[in-house]
Amino acid sequence: MQNQNRKRTLVIIGAMWLAYLLLNSFSTGVGIKSIPYSEFLRLAREGNVSEVAVSDNVIQGKMFPEDATSDKAEVFQTVRVDGEISGVLEENGIEYTGKIQSDFLSNLLAWVFPVLLFVGIWYFLMKRFQQQQGGFMTLGKNKAKIYMENDVQVSFEDAAGVEEAKQELVEIIDFLKEPERFTRVGGQIPRGILLVGPPGTGKTLLAKAVAGESSVPFFSLSGSEFVEMFVGLGAARVRDLFKQAKESAPCIIFIDELDALGKARGFGTVGGHDEREQTLNQLLVELDGFDPNMGVILMAATNRPEILDPALLRPGRFDRQILVDRPDKQGRKAILEVHLKKVTAAESLDDGTIAGMTPGMEGAELANLVNEAALLSVRRNKAAVGMAEFEEAVERVVAGLEKKNRLINPKEKEIVAYHELGHAIVAMALPETDPVQKISIIPRGIAALGYTMQVPTEDRFLMRRTELLNKIATLLGGRAAEEVVFDDISTGAHNDLSRATDIARSMVKEYGMSRQLGQVYLAHDKQSRFLNPNTDSGGGDYSAMTAHLIDKEIRRIIDDQYQRALAILKSNRDILDQTAVTLMESEVIEGNQLNELSKAVFDRAKLGNEAERDGARQALAA
Ligand code: ADP
Ligand code: ZN
């Protein structure tokens with residue numbers, strides 16, 4: 001729509017220009033030859049001019065140029081220089097007439113067309129401005145930002161791995177297909193459905209699928225777009241949207257990023273945000289005002305339900321919440337199947353294996369992964385997308401693009417090699433850590449200079465204390481290796497530190513895993529609003545002393561694990577040094593080489609543990 005309008009305006013302006021140029025050339029006349037005045041005089045004296053029409057400024061006439069092959073007269077025009085030329089004309093027997101110059105046409109051309117042109121340009125710019133501002137002149141009437149799709153081609157099959165959410169939505173589809181059936185028995189259909197889940201998990205896709213499955217129009221708009229508008233516009237827009245929707249019922253209204261618009265009022269903003277509040281209020285008014293039985297279903301998506309204004313979640317508003325979570329391995333397999341249908345996959349391709357390599361990825365990332373692998377296979381001139389492409393695509397997506405051409409100096413390379421080996425060796429020495437899949441010091445993306453890839457063997461829903469501690473130790477292994485080897489540390493560990501600290505903090509505040517603080521939950525500020533919208537108690541309800549203790553405990557956990565990592569690396573110093581040389585040379589360690597390394601470290605750790613245990617036993621016996 002917008003695009004078409006813009007194109008049309010452009011065409012109009014282009015046509016006006018052309019017309020202007022054309023008319024301009026008509027005023028001088030097509031096929032009229034302009035000659036200098038001196039030449040006109042010469043031709044006249046030589047008797048080559050037959051007749052002329054003289055006006056104040058211009059002389060037009062017919063002449064026979066000497067080089068002409070035919071004796072056909074040519075029309076010429078010249079600018080009059082002398083005041084007195086009738087003498088010359090008389091002398092040479094040229095027929096002449098006077099001509100009153102008509103200024104009308106040239107005036108028209110000189111003034112009217114440029115003015116028209118400017119008006120055209122002004123109109124065009126206004127139009128664009130209007131589109132950006134969402135209605136400058138027709139306040140509230142502009143519907144540019146409400147997208148309406150009449151014939152949605154998305155079906156439930158396009159959204160995979162979200163079975164529970166789909167089950168909940170089936171009822172809505174039934175309702176949209178045959179609203180009478182529900183209204184006859186007096187059934188209550190929810191008015192508002194809130195899809196809650198991380199970005200890219202398919203919330204928009206699901207909402208569209210509901211529209212597609214029940215073949216009703218799909219109205220959508222994004223909450224974040226409201227925040228940038230003129231005061232008053234947002235509310236008008238919301239009113240408009242509901243009006244339009246009611247006219248085309250049954251239909252679906254989908255509001256993406258509801259949190260941008262539905263943030264708790266007077267929450268997190270300095271002095272409040274009038275526009276957002278007005279819009280939100282209008283939304284609440286509309287929600288309360290409409291009768292669900294007329295067949296308009298309101299759906300919204302958010303990944304931050306906890307910051308939503310509790311008023312939005314009250315009964316009769318968005319009173320049904322559906323969780324759209326990250327897919328598990330089965331789900332990822334199903335999603336991959338959907339997207340693999342769009343490319344030519346090799347026979348040997350096993351989506352189960354790919355699903356295993358991609359824990360934590362959601363739908364959008366998996367779609368991107370398939371696309372990435374397909375592009376790779378095109379680049380390699382392969383007929384079908386194979387496993388090799390997927391392996392590389394996973395690496396790319398996980399670690400950013402490989403940047404082979406980035407230069408790092410040898411000293412840095414050495415630090416990176418030891419750092420990555422530090423992670424790997426600590427992970428190998430500790431039981432129950434994810435196996436190391438690959439160690440690489442090929443720089444990738446912007447941040448990571450190297451990486452150690454650990455692949456979980458399965459999806460995890462529970463983590464034990466020991467595992468979390470081991471994870472922290474592994475994360476700290478990089479920095480520990482730097483300290484052991486260089487007796488100095490670098491900035492390369494900041495991401496490791498932040499992740500380790502996050503885990504430690506969660507252990508203390510959320511999982512009750514600190515003896516000092518006990519089995520209490522101290523992270524209330526995170527979720528309470530969503531889980532229990534009616535309580536107003538929000539923030540971290542603990543004393544300053546507890547806060548101090550929390551900090552101390554986090555510190556202690558991190559310090560302990562760092563000491564552990566240091567000890568492991570010290571006892572494996574020889575292996576560390578040897579492998580670092582290999583790693584610097586080949587830049588990657590994987591496969592057999594990696595297995596050998598892993599075995600060596602593991603065996604030594606086992607011996608160490610036994611020795612430790614023996615020592616402890618002896619100490620006890622003594
Ligand atoms: P959200 O609205 O949750 O941020 P989208 O619905 O916009 O996510 O998802 C973006 C894209 O990712 C979709 O167009 C689709 O290609 C892919 N995708 C996401 N989730 C799924 C899924 N469950 N099944 C199949 N494809 C998915
Ligand atoms: Zn690191």
# chains A, B, ... in the order shown; residues from 1 in each chain; ligands from 1
>>> residues_near_ligand(ligand="ligand 2", cutoff="10 Å", atoms="only C-alpha atoms and all ligand atoms", output="list in words")
Val416, Tyr418, His419, Glu420, Leu421, Gly422, His423, Ala424, Ala448, Leu449, Gly450, Tyr451, Thr452, Thr474, Leu475, Leu476, Gly477, Gly478, Arg479, Ala480, Ala481, Thr491, Gly492, Ala493, His494, Asn495, Asp496 and Leu497 of chain A
>>> write_last_selection(atoms="N, CA and C atoms", output="PDB file, in the first residue's frame")
ATOM      1  N   VAL A 416      45.663 -16.819  24.078  1.00  0.00           N
ATOM      2  CA  VAL A 416      44.365 -17.410  23.745  1.00  0.00           C
ATOM      3  C   VAL A 416      44.442 -18.934  23.799  1.00  0.00           C
ATOM      4  N   TYR A 418      46.415 -20.897  25.595  1.00  0.00           N
ATOM      5  CA  TYR A 418      46.429 -21.378  26.978  1.00  0.00           C
ATOM      6  C   TYR A 418      45.072 -21.173  27.639  1.00  0.00           C
ATOM      7  N   HIS A 419      44.470 -20.047  27.341  1.00  0.00           N
ATOM      8  CA  HIS A 419      43.165 -19.742  27.938  1.00  0.00           C
ATOM      9  C   HIS A 419      42.131 -20.813  27.560  1.00  0.00           C
ATOM     10  N   GLU A 420      42.039 -21.100  26.273  1.00  0.00           N
ATOM     11  CA  GLU A 420      41.045 -22.081  25.830  1.00  0.00           C
ATOM     12  C   GLU A 420      41.368 -23.468  26.375  1.00  0.00           C
ATOM     13  N   LEU A 421      42.648 -23.810  26.375  1.00  0.00           N
ATOM     14  CA  LEU A 421      43.023 -25.112  26.942  1.00  0.00           C
ATOM     15  C   LEU A 421      42.681 -25.177  28.425  1.00  0.00           C
ATOM     16  N   GLY A 422      42.795 -24.049  29.080  1.00  0.00           N
ATOM     17  CA  GLY A 422      42.429 -24.004  30.494  1.00  0.00           C
ATOM     18  C   GLY A 422      40.992 -24.451  30.700  1.00  0.00           C
ATOM     19  N   HIS A 423      40.073 -23.867  29.894  1.00  0.00           N
ATOM     20  CA  HIS A 423      38.674 -24.301  29.972  1.00  0.00           C
ATOM     21  C   HIS A 423      38.582 -25.802  29.728  1.00  0.00           C
ATOM     22  N   ALA A 424      39.232 -26.251  28.646  1.00  0.00           N
ATOM     23  CA  ALA A 424      39.070 -27.636  28.221  1.00  0.00           C
ATOM     24  C   ALA A 424      39.596 -28.608  29.273  1.00  0.00           C
ATOM     25  N   ALA A 448      34.696 -13.207  20.584  1.00  0.00           N
ATOM     26  CA  ALA A 448      35.436 -14.397  20.988  1.00  0.00           C
ATOM     27  C   ALA A 448      36.720 -14.550  20.190  1.00  0.00           C
ATOM     28  N   LEU A 449      37.815 -14.634  20.888  1.00  0.00           N
ATOM     29  CA  LEU A 449      39.091 -14.842  20.206  1.00  0.00           C
ATOM     30  C   LEU A 449      39.311 -16.319  19.924  1.00  0.00           C
ATOM     31  N   GLY A 450      38.763 -17.131  20.780  1.00  0.00           N
ATOM     32  CA  GLY A 450      38.845 -18.560  20.572  1.00  0.00           C
ATOM     33  C   GLY A 450      37.664 -19.151  21.278  1.00  0.00           C
ATOM     34  N   TYR A 451      37.450 -20.425  21.157  1.00  0.00           N
ATOM     35  CA  TYR A 451      36.377 -20.972  21.952  1.00  0.00           C
ATOM     36  C   TYR A 451      36.562 -22.456  22.191  1.00  0.00           C
ATOM     37  N   THR A 452      35.970 -22.890  23.267  1.00  0.00           N
ATOM     38  CA  THR A 452      35.971 -24.293  23.600  1.00  0.00           C
ATOM     39  C   THR A 452      34.521 -24.717  23.540  1.00  0.00           C
ATOM     40  N   THR A 474      34.881 -24.612  35.297  1.00  0.00           N
ATOM     41  CA  THR A 474      35.267 -24.673  33.892  1.00  0.00           C
ATOM     42  C   THR A 474      35.335 -23.272  33.280  1.00  0.00           C
ATOM     43  N   LEU A 475      34.353 -22.462  33.610  1.00  0.00           N
ATOM     44  CA  LEU A 475      34.344 -21.094  33.076  1.00  0.00           C
ATOM     45  C   LEU A 475      35.565 -20.309  33.552  1.00  0.00           C
ATOM     46  N   LEU A 476      35.980 -20.588  34.792  1.00  0.00           N
ATOM     47  CA  LEU A 476      37.117 -19.857  35.328  1.00  0.00           C
ATOM     48  C   LEU A 476      38.448 -20.450  34.875  1.00  0.00           C
ATOM     49  N   GLY A 477      38.383 -21.639  34.249  1.00  0.00           N
ATOM     50  CA  GLY A 477      39.604 -22.341  33.822  1.00  0.00           C
ATOM     51  C   GLY A 477      40.464 -21.514  32.887  1.00  0.00           C
ATOM     52  N   GLY A 478      39.831 -20.698  32.041  1.00  0.00           N
ATOM     53  CA  GLY A 478      40.589 -19.887  31.092  1.00  0.00           C
ATOM     54  C   GLY A 478      41.506 -18.916  31.800  1.00  0.00           C
ATOM     55  N   ARG A 479      40.906 -18.166  32.705  1.00  0.00           N
ATOM     56  CA  ARG A 479      41.709 -17.185  33.437  1.00  0.00           C
ATOM     57  C   ARG A 479      42.757 -17.887  34.309  1.00  0.00           C
ATOM     58  N   ALA A 480      42.374 -19.011  34.929  1.00  0.00           N
ATOM     59  CA  ALA A 480      43.309 -19.734  35.791  1.00  0.00           C
ATOM     60  C   ALA A 480      44.541 -20.155  35.000  1.00  0.00           C
ATOM     61  N   ALA A 481      44.320 -20.618  33.771  1.00  0.00           N
ATOM     62  CA  ALA A 481      45.452 -21.039  32.951  1.00  0.00           C
ATOM     63  C   ALA A 481      46.378 -19.863  32.679  1.00  0.00           C
ATOM     64  N   THR A 491      42.307  -9.408  29.668  1.00  0.00           N
ATOM     65  CA  THR A 491      40.891  -9.033  29.633  1.00  0.00           C
ATOM     66  C   THR A 491      40.023 -10.088  28.961  1.00  0.00           C
ATOM     67  N   GLY A 492      40.668 -11.106  28.413  1.00  0.00           N
ATOM     68  CA  GLY A 492      39.931 -12.090  27.613  1.00  0.00           C
ATOM     69  C   GLY A 492      38.883 -12.882  28.367  1.00  0.00           C
ATOM     70  N   ALA A 493      38.848 -12.731  29.694  1.00  0.00           N
ATOM     71  CA  ALA A 493      37.957 -13.592  30.468  1.00  0.00           C
ATOM     72  C   ALA A 493      36.669 -12.906  30.879  1.00  0.00           C
ATOM     73  N   HIS A 494      36.396 -11.694  30.364  1.00  0.00           N
ATOM     74  CA  HIS A 494      35.275 -10.973  30.969  1.00  0.00           C
ATOM     75  C   HIS A 494      33.933 -11.670  30.760  1.00  0.00           C
ATOM     76  N   ASN A 495      33.778 -12.287  29.615  1.00  0.00           N
ATOM     77  CA  ASN A 495      32.525 -13.012  29.373  1.00  0.00           C
ATOM     78  C   ASN A 495      32.411 -14.235  30.287  1.00  0.00           C
ATOM     79  N   ASP A 496      33.535 -14.937  30.454  1.00  0.00           N
ATOM     80  CA  ASP A 496      33.552 -16.088  31.367  1.00  0.00           C
ATOM     81  C   ASP A 496      33.149 -15.648  32.762  1.00  0.00           C
ATOM     82  N   LEU A 497      33.742 -14.541  33.198  1.00  0.00           N
ATOM     83  CA  LEU A 497      33.475 -14.075  34.557  1.00  0.00           C
ATOM     84  C   LEU A 497      32.007 -13.723  34.718  1.00  0.00           C
TER      85      LEU A 497
END
>>> residues_near_ligand(ligand="ligand 1", cutoff="10 Å", atoms="only C-alpha atoms and all ligand atoms", output="ChimeraX atom specification")
/A:154,156-163,165,195-209,256-257,300-303,324-327,331-339,361-368
>>> closest_residue(among="A:Ile557, A:Ala19, A:Met545, A:Leu283", to="Ser506 of chain A", atoms="only C-alpha atoms")
A:Ile557
>>> select_by_dssp(residues="segment 223-382 of chain A", states="strand (DSSP E or B)", output="list in words")
Cys251, Ile252, Ile253, Phe254, Ile255, Asp256, Lys263, Val296, Ile297, Leu298, Met299, Ala300, Ala301, Thr302, Leu308, Arg320, Gln321, Ile322, Leu323 and Ala345 of chain A
>>> closest_residue(among="A:Thr501, A:Gln153, A:Ser248, A:Ser220", to="Ile550 of chain A", atoms="only C-alpha atoms")
A:Thr501
>>> closest_residue(among="A:Phe218, A:Phe175, A:Phe390, A:Phe290", to="Arg239 of chain A", atoms="only C-alpha atoms")
A:Phe290
>>> atom_distance(atom1="atom CA of Glu585 of chain A", atom2="atom CA of Val485 of chain A")
18.2 Å
>>> closest_residue(among="A:Val210, A:Val581, A:Ile489, A:Val75", to="Glu51 of chain A", atoms="only C-alpha atoms")
A:Val75
>>> residues_around(residues="Leu117 of chain A", least_positions_apart="2", cutoff="9 Å", atoms="only C-alpha atoms", output="PyMOL selection string")
chain A and resi 13+16-17+20+112-115+119-122
>>> select_by_dssp(residues="segment 248-370 of chain A", states="alpha helix (DSSP H)", output="VMD selection string")
chain A and resid 258 to 262 274 to 289 329 to 340 351 to 357 363 to 370
>>> closest_residue(among="A:Phe124, A:Phe461, A:Phe254, A:Phe64", to="Glu46 of chain A", atoms="only C-alpha atoms")
A:Phe64
>>> atom_distance(atom1="atom CA of Leu375 of chain A", atom2="atom CA of Lys329 of chain A")
24.2 Å
